[in-house]
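Structure data follow from input_29.csv (CSV, C-alpha atoms):
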```csv
chain,number,residue,atom,x,y,z
A,1,MET,CA,100.6,76.4,74.3
A,2,SER,CA,102.1,75.0,77.5
A,3,GLU,CA,101.9,77.0,80.7
A,4,LYS,CA,104.5,79.7,81.2
A,5,ILE,CA,107.1,79.7,83.9
A,6,LYS,CA,107.8,82.6,86.1
A,7,PHE,CA,111.3,84.0,86.9
A,8,THR,CA,112.9,87.4,87.6
A,9,ILE,CA,115.6,89.5,86.0
A,10,ASP,CA,117.0,92.2,88.3
A,11,GLY,CA,113.8,91.8,90.3
A,12,LYS,CA,111.5,92.3,87.4
A,13,GLU,CA,108.9,89.5,87.0
A,14,CYS,CA,109.2,87.8,83.7
A,15,PHE,CA,107.5,84.9,81.9
A,16,ALA,CA,108.9,82.3,79.5
A,17,GLU,CA,108.1,79.1,77.7
A,18,ARG,CA,109.5,76.0,79.4
A,19,GLY,CA,112.9,75.1,77.9
A,20,GLN,CA,113.5,78.6,76.4
A,21,ASN,CA,117.0,80.0,76.9
A,22,ILE,CA,117.4,83.0,79.2
A,23,LEU,CA,118.6,85.3,76.3
A,24,ASP,CA,115.5,84.8,74.2
A,25,ALA,CA,113.2,84.9,77.3
A,26,ALA,CA,114.7,88.2,78.3
A,27,THR,CA,114.2,89.6,74.8
A,28,ASP,CA,110.5,88.5,74.9
A,29,ASN,CA,110.2,90.3,78.2
A,30,GLY,CA,111.7,93.6,76.9
A,31,ILE,CA,115.1,93.2,78.6
A,32,PHE,CA,118.2,93.5,76.5
A,33,ILE,CA,121.1,91.1,77.2
A,34,PRO,CA,124.0,91.8,74.8
A,35,ALA,CA,125.3,89.0,72.6
A,36,LEU,CA,127.5,88.9,69.4
A,37,CYS,CA,127.2,85.1,68.6
A,38,HIS,CA,123.6,84.4,69.3
A,39,ILE,CA,120.9,84.2,66.6
A,40,ARG,CA,117.4,83.3,67.6
A,41,ASP,CA,116.3,79.8,66.5
A,42,VAL,CA,119.9,78.8,65.8
A,43,LYS,CA,121.5,76.4,68.3
A,44,PRO,CA,123.4,78.6,70.8
A,45,ALA,CA,127.1,78.4,70.8
A,46,GLY,CA,128.1,80.4,73.9
A,47,ALA,CA,131.1,81.7,72.0
A,48,CYS,CA,131.3,85.4,72.8
A,49,ARG,CA,130.5,85.3,76.5
A,50,LEU,CA,128.9,88.7,76.4
A,51,CYS,CA,125.5,87.4,77.6
A,52,ASN,CA,126.9,86.3,80.9
A,53,VAL,CA,124.4,86.8,83.7
A,54,LYS,CA,124.6,86.0,87.4
A,55,ILE,CA,122.4,83.2,88.7
A,56,ALA,CA,122.8,82.2,92.4
A,57,GLY,CA,126.1,84.0,92.5
A,58,ARG,CA,127.5,82.2,89.5
A,59,LEU,CA,128.2,83.5,86.0
A,60,MET,CA,126.3,81.7,83.3
A,61,THR,CA,125.9,82.4,79.6
A,62,ALA,CA,122.3,83.4,79.0
A,63,CYS,CA,122.1,81.9,75.5
A,64,THR,CA,123.0,78.3,76.6
A,65,THR,CA,121.2,78.2,79.9
A,66,PRO,CA,117.5,77.3,79.9
A,67,VAL,CA,115.2,79.3,82.1
A,68,GLU,CA,113.9,77.5,85.2
A,69,SER,CA,110.9,78.4,87.3
A,70,GLY,CA,111.7,80.8,90.1
A,71,MET,CA,115.2,81.6,88.7
A,72,GLU,CA,116.5,84.9,90.0
A,73,ILE,CA,118.8,86.4,87.4
A,74,GLU,CA,121.1,89.4,87.8
A,75,ASN,CA,121.8,91.2,84.5
A,76,ASP,CA,122.1,95.0,84.8
A,77,ILE,CA,124.6,95.2,87.7
A,78,PRO,CA,127.9,97.0,87.7
A,79,GLU,CA,130.0,93.9,88.0
A,80,ILE,CA,128.5,92.3,84.9
A,81,GLN,CA,128.4,95.5,82.9
A,82,ASP,CA,132.1,96.0,83.6
A,83,LEU,CA,132.8,92.3,82.6
A,84,ARG,CA,130.9,92.9,79.3
A,85,LEU,CA,132.8,96.1,78.6
A,86,ALA,CA,136.1,94.2,79.3
A,87,ILE,CA,135.1,91.5,76.8
A,88,ILE,CA,134.3,94.2,74.2
A,89,GLU,CA,137.6,95.9,74.8
A,90,MET,CA,139.5,92.6,74.5
A,91,LEU,CA,137.8,92.0,71.1
A,92,PHE,CA,138.9,95.4,70.0
A,93,VAL,CA,142.6,95.0,71.0
A,94,GLU,CA,143.0,91.4,69.8
A,95,GLY,CA,141.9,92.2,66.2
A,96,ASN,CA,142.5,95.1,63.9
A,97,HIS,CA,139.2,97.1,64.1
A,98,PHE,CA,139.8,100.3,62.2
A,99,CYS,CA,136.3,101.6,62.4
A,100,PRO,CA,136.8,104.7,60.1
A,101,ALA,CA,137.9,102.5,57.2
A,102,CYS,CA,135.3,99.7,57.7
A,103,GLU,CA,132.4,99.1,55.4
A,104,LYS,CA,130.3,97.8,58.3
A,105,SER,CA,130.8,100.9,60.5
A,106,GLY,CA,127.5,102.1,61.7
A,107,ASN,CA,125.9,98.7,61.2
A,108,CYS,CA,128.5,96.8,63.2
A,109,GLU,CA,127.2,95.1,66.4
A,110,LEU,CA,130.6,95.1,68.1
A,111,GLN,CA,130.9,98.8,67.5
A,112,ALA,CA,127.3,99.4,68.6
A,113,LEU,CA,128.0,97.6,71.9
A,114,ALA,CA,131.1,99.7,72.4
A,115,TYR,CA,128.9,102.8,72.0
A,116,ARG,CA,126.3,101.4,74.3
A,117,TYR,CA,128.8,100.6,77.0
A,118,GLN,CA,130.6,103.9,76.3
A,119,MET,CA,134.0,102.5,75.5
A,120,MET,CA,136.4,105.4,75.1
A,121,ILE,CA,139.6,103.4,75.1
A,122,PRO,CA,140.3,99.7,75.9
A,123,ARG,CA,142.0,99.0,79.2
A,124,PHE,CA,144.3,96.5,77.4
A,125,PRO,CA,147.2,97.3,75.1
A,126,TYR,CA,146.6,97.0,71.4
A,127,GLU,CA,148.0,93.8,69.9
A,128,PHE,CA,148.0,94.8,66.2
A,129,PRO,CA,148.1,91.1,65.2
A,130,VAL,CA,149.2,90.2,61.6
A,131,LYS,CA,146.2,88.8,59.8
A,132,GLU,CA,145.2,88.2,56.2
A,133,ILE,CA,142.4,89.3,53.9
A,134,ASP,CA,141.0,86.5,51.9
A,135,ALA,CA,139.6,87.8,48.6
A,136,SER,CA,139.6,84.5,46.7
A,137,SER,CA,135.8,84.3,46.5
A,138,PRO,CA,134.4,86.3,43.7
A,139,LYS,CA,131.4,87.5,45.8
A,140,LEU,CA,132.7,87.9,49.3
A,141,ILE,CA,135.8,89.2,51.1
A,142,ILE,CA,136.8,87.5,54.4
A,143,ASP,CA,138.8,90.0,56.5
A,144,HIS,CA,140.4,88.0,59.3
A,145,ASN,CA,141.5,91.3,60.9
A,146,ARG,CA,137.9,91.9,61.9
A,147,CYS,CA,136.7,88.4,62.6
A,148,ILE,CA,135.7,87.7,66.2
A,149,LEU,CA,135.2,83.9,65.7
A,150,CYS,CA,131.6,84.0,66.8
A,151,LYS,CA,130.7,81.1,64.4
A,152,ARG,CA,127.5,82.8,63.3
A,153,CYS,CA,128.3,82.3,59.6
A,154,ILE,CA,129.1,78.6,60.2
A,155,ARG,CA,126.0,78.0,62.2
A,156,ALA,CA,123.4,80.1,60.5
A,157,PHE,CA,124.4,80.4,56.8
A,158,LYS,CA,123.7,77.9,54.0
A,159,ASP,CA,123.7,78.5,50.3
A,160,GLU,CA,120.6,78.1,48.0
A,161,ASN,CA,121.2,74.3,48.0
A,162,GLY,CA,121.4,74.1,51.7
A,163,LYS,CA,125.2,73.6,51.8
A,164,ASN,CA,127.5,75.2,54.3
A,165,ILE,CA,130.0,77.5,52.6
A,166,PHE,CA,131.8,78.6,55.8
A,167,ALA,CA,133.9,76.4,58.1
A,168,PHE,CA,136.7,76.6,60.6
A,169,LYS,CA,140.2,75.8,59.7
A,170,LYS,CA,143.4,75.5,61.8
A,171,ARG,CA,143.3,75.2,65.6
A,172,GLY,CA,143.9,77.2,68.8
A,173,HIS,CA,145.1,80.8,68.3
A,174,LYS,CA,145.4,80.1,64.6
A,175,LEU,CA,141.8,79.3,64.2
A,176,GLN,CA,140.2,81.0,61.1
A,177,ILE,CA,137.0,81.1,59.2
A,178,ASN,CA,137.3,79.6,55.8
A,179,ILE,CA,135.1,80.1,52.8
A,180,ASP,CA,134.4,77.6,50.1
A,181,GLU,CA,135.6,79.4,47.0
A,182,LYS,CA,133.6,77.3,44.5
A,183,LEU,CA,130.3,77.2,46.3
A,184,SER,CA,130.5,80.9,47.3
A,185,ALA,CA,131.0,81.8,43.6
A,186,ASN,CA,127.4,80.7,42.9
A,187,LEU,CA,125.8,82.9,45.5
A,188,SER,CA,123.2,85.3,44.4
A,189,ASP,CA,123.6,89.0,45.4
A,190,GLU,CA,120.8,88.6,47.9
A,191,MET,CA,122.5,85.6,49.5
A,192,ALA,CA,125.8,87.4,49.6
A,193,GLN,CA,124.1,90.3,51.4
A,194,LYS,CA,122.6,87.8,53.8
A,195,ALA,CA,126.0,86.4,54.6
A,196,MET,CA,127.3,89.9,55.2
A,197,ASP,CA,124.3,90.7,57.5
A,198,ILE,CA,124.8,87.6,59.6
A,199,CYS,CA,128.3,88.7,60.5
A,200,PRO,CA,128.1,90.9,63.6
A,201,VAL,CA,131.3,92.7,62.5
A,202,GLY,CA,132.9,93.5,59.1
A,203,ALA,CA,134.6,90.2,58.6
A,204,ILE,CA,132.3,89.2,55.7
A,205,ILE,CA,132.0,91.9,53.2
A,206,ARG,CA,130.4,91.9,49.7
A,207,LYS,CA,132.7,92.7,46.9
A,208,GLU,CA,132.1,95.8,44.8
A,209,LYS,CA,129.6,97.1,47.3
A,210,GLY,CA,130.3,99.2,50.4
A,211,PHE,CA,129.7,102.5,52.1
A,212,ASN,CA,126.2,102.5,50.6
A,213,GLU,CA,124.4,104.3,53.5
A,214,PRO,CA,125.4,107.8,54.4
A,215,ILE,CA,126.5,108.5,58.0
A,216,GLY,CA,123.5,109.4,60.0
A,217,THR,CA,121.2,106.8,58.4
A,218,ARG,CA,122.9,103.6,59.4
A,219,LYS,CA,121.5,101.1,61.9
A,220,TYR,CA,123.2,102.3,65.1
A,221,ASP,CA,123.8,106.0,64.2
A,222,LYS,CA,120.9,107.3,66.2
A,223,MET,CA,119.6,104.5,68.4
A,224,PRO,CA,121.7,102.3,70.7
A,225,ILE,CA,121.8,98.6,70.1
A,226,GLY,CA,119.0,96.9,72.1
A,227,SER,CA,116.8,99.9,72.2
A,228,ASN,CA,114.3,98.2,69.8
A,229,ILE,CA,114.0,95.3,72.4
A,230,GLU,CA,113.6,97.7,75.3
A,231,ARG,CA,111.0,99.8,73.6
A,232,VAL,CA,108.7,96.9,72.7
A,233,ILE,CA,107.2,96.5,76.2
B,29,MET,CA,141.7,135.2,87.2
B,30,SER,CA,143.7,134.6,84.0
B,31,LYS,CA,142.2,132.5,81.3
B,32,PRO,CA,143.0,128.8,81.0
B,33,ILE,CA,145.7,128.1,78.5
B,34,VAL,CA,145.2,125.6,75.7
B,35,ALA,CA,147.8,123.9,73.5
B,36,THR,CA,147.1,121.6,70.5
B,37,THR,CA,149.2,119.5,68.2
B,38,SER,CA,148.8,117.1,65.3
B,39,LEU,CA,151.2,114.1,65.5
B,40,CYS,CA,150.7,111.3,63.0
B,41,GLY,CA,147.3,112.6,62.0
B,42,CYS,CA,145.7,114.3,58.9
B,43,PHE,CA,144.7,117.5,60.6
B,44,GLY,CA,141.1,116.4,60.2
B,45,CYS,CA,140.6,116.6,64.0
B,46,HIS,CA,141.8,120.2,64.0
B,47,MET,CA,139.4,120.9,61.1
B,48,SER,CA,136.7,119.5,63.3
B,49,LEU,CA,137.7,121.8,66.1
B,50,LEU,CA,137.3,124.7,63.7
B,51,ASP,CA,133.8,123.2,62.8
B,52,ILE,CA,132.5,124.6,66.1
B,53,ASP,CA,131.8,127.6,63.8
B,54,GLU,CA,130.9,130.9,65.4
B,55,ARG,CA,131.5,129.3,68.8
B,56,ILE,CA,135.1,129.8,68.1
B,57,LEU,CA,134.6,133.5,69.1
B,58,GLU,CA,133.3,132.2,72.5
B,59,LEU,CA,136.3,129.9,72.7
B,60,VAL,CA,138.7,132.8,72.2
B,61,GLU,CA,136.9,134.6,75.1
B,62,LEU,CA,137.2,131.5,77.3
B,63,VAL,CA,140.8,130.5,76.7
B,64,GLU,CA,144.2,131.6,75.6
B,65,PHE,CA,146.0,129.5,73.0
B,66,ASN,CA,149.7,128.7,73.4
B,67,LYS,CA,151.7,126.2,71.3
B,68,SER,CA,149.3,125.2,68.5
B,69,PRO,CA,149.1,125.1,64.7
B,70,ILE,CA,146.1,127.4,65.0
B,71,ASP,CA,148.1,130.4,66.2
B,72,ASP,CA,151.4,129.0,64.9
B,73,ILE,CA,153.3,129.2,68.2
B,74,LYS,CA,156.0,126.6,67.7
B,75,GLU,CA,157.3,126.1,71.3
B,76,PHE,CA,155.7,126.3,74.7
B,77,THR,CA,156.1,129.7,76.2
B,78,LYS,CA,154.3,128.9,79.5
B,79,GLN,CA,152.7,126.2,81.4
B,80,CYS,CA,149.3,125.2,79.9
B,81,ASP,CA,146.2,123.8,81.4
B,82,ILE,CA,144.8,121.7,78.5
B,83,GLY,CA,146.7,119.9,75.7
B,84,LEU,CA,144.8,118.5,72.8
B,85,ILE,CA,146.6,115.7,70.9
B,86,GLU,CA,145.6,114.6,67.4
B,87,GLY,CA,147.3,111.6,65.8
B,88,GLY,CA,149.3,108.7,67.1
B,89,CYS,CA,153.1,108.3,67.4
B,90,CYS,CA,154.8,107.0,64.3
B,91,ASN,CA,158.2,108.5,64.6
B,92,SER,CA,160.7,109.8,67.2
B,93,GLU,CA,159.6,113.4,66.8
B,94,ASN,CA,156.0,112.5,67.6
B,95,VAL,CA,157.2,110.9,70.9
B,96,HIS,CA,159.3,114.0,71.7
B,97,VAL,CA,156.4,116.4,71.1
B,98,LEU,CA,154.0,114.2,73.0
B,99,LYS,CA,156.4,114.0,76.0
B,100,ASP,CA,156.8,117.8,75.8
B,101,PHE,CA,153.1,118.2,75.9
B,102,ARG,CA,152.8,115.9,79.0
B,103,LYS,CA,155.5,118.0,80.7
B,104,ASN,CA,153.8,121.4,79.9
B,105,CYS,CA,150.1,120.6,80.2
B,106,LYS,CA,148.1,119.7,83.3
B,107,ILE,CA,145.5,117.8,81.4
B,108,LEU,CA,146.1,115.9,78.2
B,109,ILE,CA,143.2,114.9,75.9
B,110,SER,CA,143.6,112.4,73.0
B,111,PHE,CA,141.2,113.3,70.3
B,112,GLY,CA,140.4,111.3,67.2
B,113,GLU,CA,140.9,107.6,66.3
B,114,CYS,CA,144.6,108.0,65.4
B,115,ALA,CA,145.5,109.3,68.8
B,116,LEU,CA,143.3,106.7,70.5
B,117,MET,CA,144.3,103.6,68.5
B,118,GLY,CA,146.8,104.5,65.8
B,119,GLY,CA,144.1,104.9,63.1
B,120,LEU,CA,144.8,104.7,59.5
B,121,PRO,CA,148.6,105.1,59.8
B,122,ALA,CA,148.5,101.9,62.1
B,123,TYR,CA,147.6,99.9,59.0
B,124,ARG,CA,151.4,99.6,58.5
B,125,ASN,CA,151.7,97.9,61.9
B,126,GLY,CA,151.5,94.4,60.3
B,127,ILE,CA,154.2,95.2,57.8
B,128,PRO,CA,157.9,95.2,58.7
B,129,ILE,CA,159.4,98.7,58.7
B,130,LYS,CA,162.0,97.7,56.1
B,131,GLU,CA,159.3,96.7,53.7
B,132,CYS,CA,157.5,100.0,54.2
B,133,LEU,CA,160.6,102.0,53.5
B,134,ASP,CA,161.6,99.9,50.5
B,135,GLU,CA,158.2,100.3,49.0
B,136,ALA,CA,158.2,104.1,49.7
B,137,TYR,CA,161.7,104.9,48.5
B,138,LEU,CA,162.9,102.0,46.3
B,139,ASN,CA,160.3,99.8,44.8
B,140,GLY,CA,157.0,101.8,44.6
B,141,PRO,CA,155.8,102.4,41.1
B,142,THR,CA,156.3,106.2,41.4
B,143,VAL,CA,159.8,106.0,42.8
B,144,ILE,CA,161.3,102.9,41.1
B,145,ASN,CA,163.4,104.9,38.6
B,146,SER,CA,163.9,108.1,40.5
B,147,ASN,CA,166.2,106.8,43.3
B,148,PRO,CA,169.2,105.2,41.3
B,149,ASP,CA,171.5,105.3,44.4
B,150,LYS,CA,168.9,103.3,46.4
B,151,ILE,CA,169.1,105.8,49.3
B,152,LEU,CA,166.8,105.5,52.3
B,153,PRO,CA,166.4,108.7,54.2
B,154,ASN,CA,168.9,108.6,57.0
B,155,ASP,CA,169.8,112.3,57.8
B,156,ASP,CA,170.2,113.1,61.5
B,157,GLU,CA,167.6,115.9,61.0
B,158,ILE,CA,164.9,113.5,59.9
B,159,PRO,CA,163.0,111.8,62.7
B,160,MET,CA,163.4,108.0,62.9
B,161,MET,CA,160.3,106.0,62.2
B,162,LEU,CA,159.1,103.8,65.0
B,163,ASP,CA,158.7,100.0,64.5
B,164,LYS,CA,154.9,100.6,64.5
B,165,VAL,CA,152.4,103.3,65.1
B,166,TYR,CA,151.5,103.7,68.8
B,167,PRO,CA,148.4,105.1,70.4
B,168,CYS,CA,149.3,108.1,72.6
B,169,HIS,CA,148.1,106.6,75.8
B,170,GLU,CA,150.7,103.8,75.3
B,171,VAL,CA,153.5,106.4,75.3
B,172,VAL,CA,152.4,108.9,78.0
B,173,LYS,CA,149.5,109.1,80.5
B,174,ILE,CA,146.5,110.6,78.8
B,175,ASP,CA,143.7,112.0,81.0
B,176,TYR,CA,140.7,112.0,78.6
B,177,PHE,CA,139.7,110.5,75.3
B,178,LEU,CA,137.4,111.8,72.6
B,179,PRO,CA,136.8,109.2,69.9
B,180,GLY,CA,135.7,109.9,66.3
B,181,CYS,CA,137.2,110.2,62.8
B,182,PRO,CA,137.0,113.1,63.2
B,183,PRO,CA,135.5,113.6,66.7
B,184,ARG,CA,132.2,115.6,66.1
B,185,ALA,CA,132.7,119.3,66.6
B,186,ASP,CA,129.9,119.2,69.3
B,187,LEU,CA,131.8,116.6,71.2
B,188,ILE,CA,135.0,118.6,71.2
B,189,TRP,CA,133.1,121.8,72.2
B,190,ASP,CA,131.0,120.1,74.9
B,191,ALA,CA,134.1,118.4,76.4
B,192,LEU,CA,136.1,121.6,76.4
B,193,VAL,CA,133.3,123.6,78.0
B,194,ALA,CA,132.7,121.0,80.6
B,195,LEU,CA,136.4,120.9,81.5
B,196,LEU,CA,136.6,124.7,81.6
B,197,THR,CA,133.5,125.3,83.6
B,198,GLY,CA,133.8,122.3,85.8
B,199,ASN,CA,130.4,121.0,84.9
B,200,GLU,CA,129.6,117.4,84.3
B,201,LEU,CA,130.1,116.2,80.7
B,202,LYS,CA,126.9,114.8,79.2
B,203,LEU,CA,127.6,112.6,76.2
B,204,PRO,CA,124.5,112.3,73.9
B,205,TYR,CA,124.5,109.0,72.0
B,206,GLU,CA,124.9,110.6,68.6
B,207,VAL,CA,128.1,112.4,69.3
B,208,VAL,CA,130.4,109.6,70.4
B,209,LYS,CA,131.2,107.7,67.3
B,210,PHE,CA,134.3,105.8,66.0
B,211,ASP,CA,134.0,107.0,62.4
```

How does this structure look as structure tokens?
Amino acid sequence: MSEKIKFTIDGKECFAERGQNILDAATDNGIFIPALCHIRDVKPAGACRLCNVKIAGRLMTACTTPVESGMEIENDIPEIQDLRLAIIEMLFVEGNHFCPACEKSGNCELQALAYRYQMMIPRFPYEFPVKEIDASSPKLIIDHNRCILCKRCIRAFKDENGKNIFAFKKRGHKLQINIDEKLSANLSDEMAQKAMDICPVGAIIRKEKGFNEPIGTRKYDKMPIGSNIERVI
Amino acid sequence: MSKPIVATTSLCGCFGCHMSLLDIDERILELVELVEFNKSPIDDIKEFTKQCDIGLIEGGCCNSENVHVLKDFRKNCKILISFGECALMGGLPAYRNGIPIKECLDEAYLNGPTVINSNPDKILPNDDEIPMMLDKVYPCHEVVKIDYFLPGCPPRADLIWDALVALLTGNELKLPYEVVKFD
């Protein structure tokens, strides 16, 4: 392999492959940078802005910025942590996130980040926007109330034949995820589960399946999100 | 020194949060030693008889009576705590927030499958004694100032207990990861 380049995150010396983005590099060095839109090995989108870090006094998204030799990155500082909490709070107020009634509760990355950053109440007023639930596909439900428009499903999910079944429709504040009704009808149960797992929130839900895991055994019930990354090293 | 006085109420909630308060089990004996209860469904005192130190609010505001009670609590309690998702963000009742109030009332009193033939005069409740429904369900902190928040549906009994004890003893509140949950 090519030689590794050296950089620091909050003063801690880290190493990365040349060209690697900051988010993946931080993960490899046992440092957690939160993100809702990023999936490793999928082209970064910079959609959720949660991975903002400070480099030379400027905020940059860690998922879209390649590491450079000698870079000094600030990550775990009060200013950025508060910015991240503000973004999480905005996501909570601009959708309808009713955790107690959500199938994804306990496995939801947005909720897990709210736990990690100890969100008690958003600083912004709740919007309660009017949104639809699209149950036209026989396998999946698209709940626009919960969608945070991270584009994960568009970028990272293809059906058995390699075709995209998710796409954007409309523009601006009316922007929505759309599902291809015909293609999604042919999804196997495993693929439908995969689509549900790719979604960081509960916007893509399998039909006739839900609340499978009892409280206490779900992904983020006992361990905060990111603790698996921090424990590795 | 006299004991701190606690008041509780359930606005637009299901009483689940009060049930969770009772889930502190035998610690309730300790609680009775620590505090005196005033207006609360637990002792069935209907109106404030004195100034209270802590007010626990379950449920959000869905009608004029909820707003009245909440403002009464703000007036009579030094510290107000919202507990449970309904108080914090409207909760399940806030599912109606996307539906116009007229549609809600029509469905409940005129067109719903269980009422369609039982209301021949097509009357919607409009007596002065009945509280008016608000246009939507509001979280408590959007109506009055709330000092502390305890999330959960219901909030874990340990969370309620730890928060109350920390407040009463003046000790720092430690929040273990497992007790702060939104469901």

Atom CA of B:Thr197 sits from atom CA of B:Asp81 at a separation of 13.0 Å

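With all atoms listed in the file as the basis for measurement, B:Leu116 is the residue among B:Asp175, B:Ala194, B:Ile144, B:Leu116 that approaches chain A most closely.
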
Chain B residues near chain A (10 Å cut-off, all atoms listed in the file) as a ChimeraX atom specification
/B:113-114,116-120,122-127,164-167,169-170,176-182,203-211

Could the residues in this selection be written to a file with C-alpha atoms, as a PDB file, in the coordinates of the input?
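Output saved as again-v3.pdb:
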```pdb
ATOM      1  CA  GLU B 113     140.900 107.600  66.300  1.00  0.00           C
ATOM      2  CA  CYS B 114     144.600 108.000  65.400  1.00  0.00           C
ATOM      3  CA  LEU B 116     143.300 106.700  70.500  1.00  0.00           C
ATOM      4  CA  MET B 117     144.300 103.600  68.500  1.00  0.00           C
ATOM      5  CA  GLY B 118     146.800 104.500  65.800  1.00  0.00           C
ATOM      6  CA  GLY B 119     144.100 104.900  63.100  1.00  0.00           C
ATOM      7  CA  LEU B 120     144.800 104.700  59.500  1.00  0.00           C
ATOM      8  CA  ALA B 122     148.500 101.900  62.100  1.00  0.00           C
ATOM      9  CA  TYR B 123     147.600  99.900  59.000  1.00  0.00           C
ATOM     10  CA  ARG B 124     151.400  99.600  58.500  1.00  0.00           C
ATOM     11  CA  ASN B 125     151.700  97.900  61.900  1.00  0.00           C
ATOM     12  CA  GLY B 126     151.500  94.400  60.300  1.00  0.00           C
ATOM     13  CA  ILE B 127     154.200  95.200  57.800  1.00  0.00           C
ATOM     14  CA  LYS B 164     154.900 100.600  64.500  1.00  0.00           C
ATOM     15  CA  VAL B 165     152.400 103.300  65.100  1.00  0.00           C
ATOM     16  CA  TYR B 166     151.500 103.700  68.800  1.00  0.00           C
ATOM     17  CA  PRO B 167     148.400 105.100  70.400  1.00  0.00           C
ATOM     18  CA  HIS B 169     148.100 106.600  75.800  1.00  0.00           C
ATOM     19  CA  GLU B 170     150.700 103.800  75.300  1.00  0.00           C
ATOM     20  CA  TYR B 176     140.700 112.000  78.600  1.00  0.00           C
ATOM     21  CA  PHE B 177     139.700 110.500  75.300  1.00  0.00           C
ATOM     22  CA  LEU B 178     137.400 111.800  72.600  1.00  0.00           C
ATOM     23  CA  PRO B 179     136.800 109.200  69.900  1.00  0.00           C
ATOM     24  CA  GLY B 180     135.700 109.900  66.300  1.00  0.00           C
ATOM     25  CA  CYS B 181     137.200 110.200  62.800  1.00  0.00           C
ATOM     26  CA  PRO B 182     137.000 113.100  63.200  1.00  0.00           C
ATOM     27  CA  LEU B 203     127.600 112.600  76.200  1.00  0.00           C
ATOM     28  CA  PRO B 204     124.500 112.300  73.900  1.00  0.00           C
ATOM     29  CA  TYR B 205     124.500 109.000  72.000  1.00  0.00           C
ATOM     30  CA  GLU B 206     124.900 110.600  68.600  1.00  0.00           C
ATOM     31  CA  VAL B 207     128.100 112.400  69.300  1.00  0.00           C
ATOM     32  CA  VAL B 208     130.400 109.600  70.400  1.00  0.00           C
ATOM     33  CA  LYS B 209     131.200 107.700  67.300  1.00  0.00           C
ATOM     34  CA  PHE B 210     134.300 105.800  66.000  1.00  0.00           C
ATOM     35  CA  ASP B 211     134.000 107.000  62.400  1.00  0.00           C
TER      36      ASP B 211
END
```

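Nearest to B:Phe101 of all the residues B:Ile158, B:Thr37, B:Leu50, B:Glu58 is B:Thr37, based on all atoms listed in the file.
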
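Summary of the local environment: counting only C-alpha atoms, residues at most 8 Å from B:Val34, other than itself and those fewer than 5 positions away along its chain, are Val63, Glu64, Phe65, Asn66, Lys67, Cys80, Asp81, Ile82, Gly83 and Leu84 of chain B.
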
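Minimum distance to A:Ile177 across A:Glu230, A:Glu3, A:Glu13, A:Asp134 (counting all atoms listed in the file) occurs at A:Asp134.
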
So how far away is atom CA of B:Cys90 from atom CA of B:Met161, in Å?
6.0 Å

If you count only C-alpha atoms, which residues fall within 8 Å of B:Leu162, apart from same-chain ones fewer than 5 positions away, as a ChimeraX atom specification?
/B:89-92

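Proximity to A:Asp76 was assessed for A:Ile179, A:Ile154, A:Ala25, A:Ile9 counting all atoms listed in the file; the smallest distance is recorded for A:Ile9.
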
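One finds atom CA of A:Ile141 at 19.1 Å from atom CA of A:Glu213.
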
Contacts of A:Cys150 within 12 Å, all atoms listed in the file, excl. fewer than 4 positions in-chain, as a PyMOL selection string
chain A and resi 35-39+44-50+91+109-110+146+154-156+167-168+175-177+198-201+203

Tell me, as a PyMOL selection string, which residues lie within 10 Å of A:Arg123, counting all atoms listed in the file; anything in the same chain fewer than 5 positions away does not count.
chain A and resi 85-86+89-90+93

Selection near B:Ala185, 6 Å with only C-alpha atoms, sequence-local residues under 6 positions removed, as a PyMOL selection string:
chain B and resi 48-49+51-52

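Minimum atom-to-atom distances from A:Asp143, A:Asp24, A:Glu72, A:Glu208 to A:Cys51 were compared using all atoms listed in the file, and the lowest value belongs to A:Asp24.
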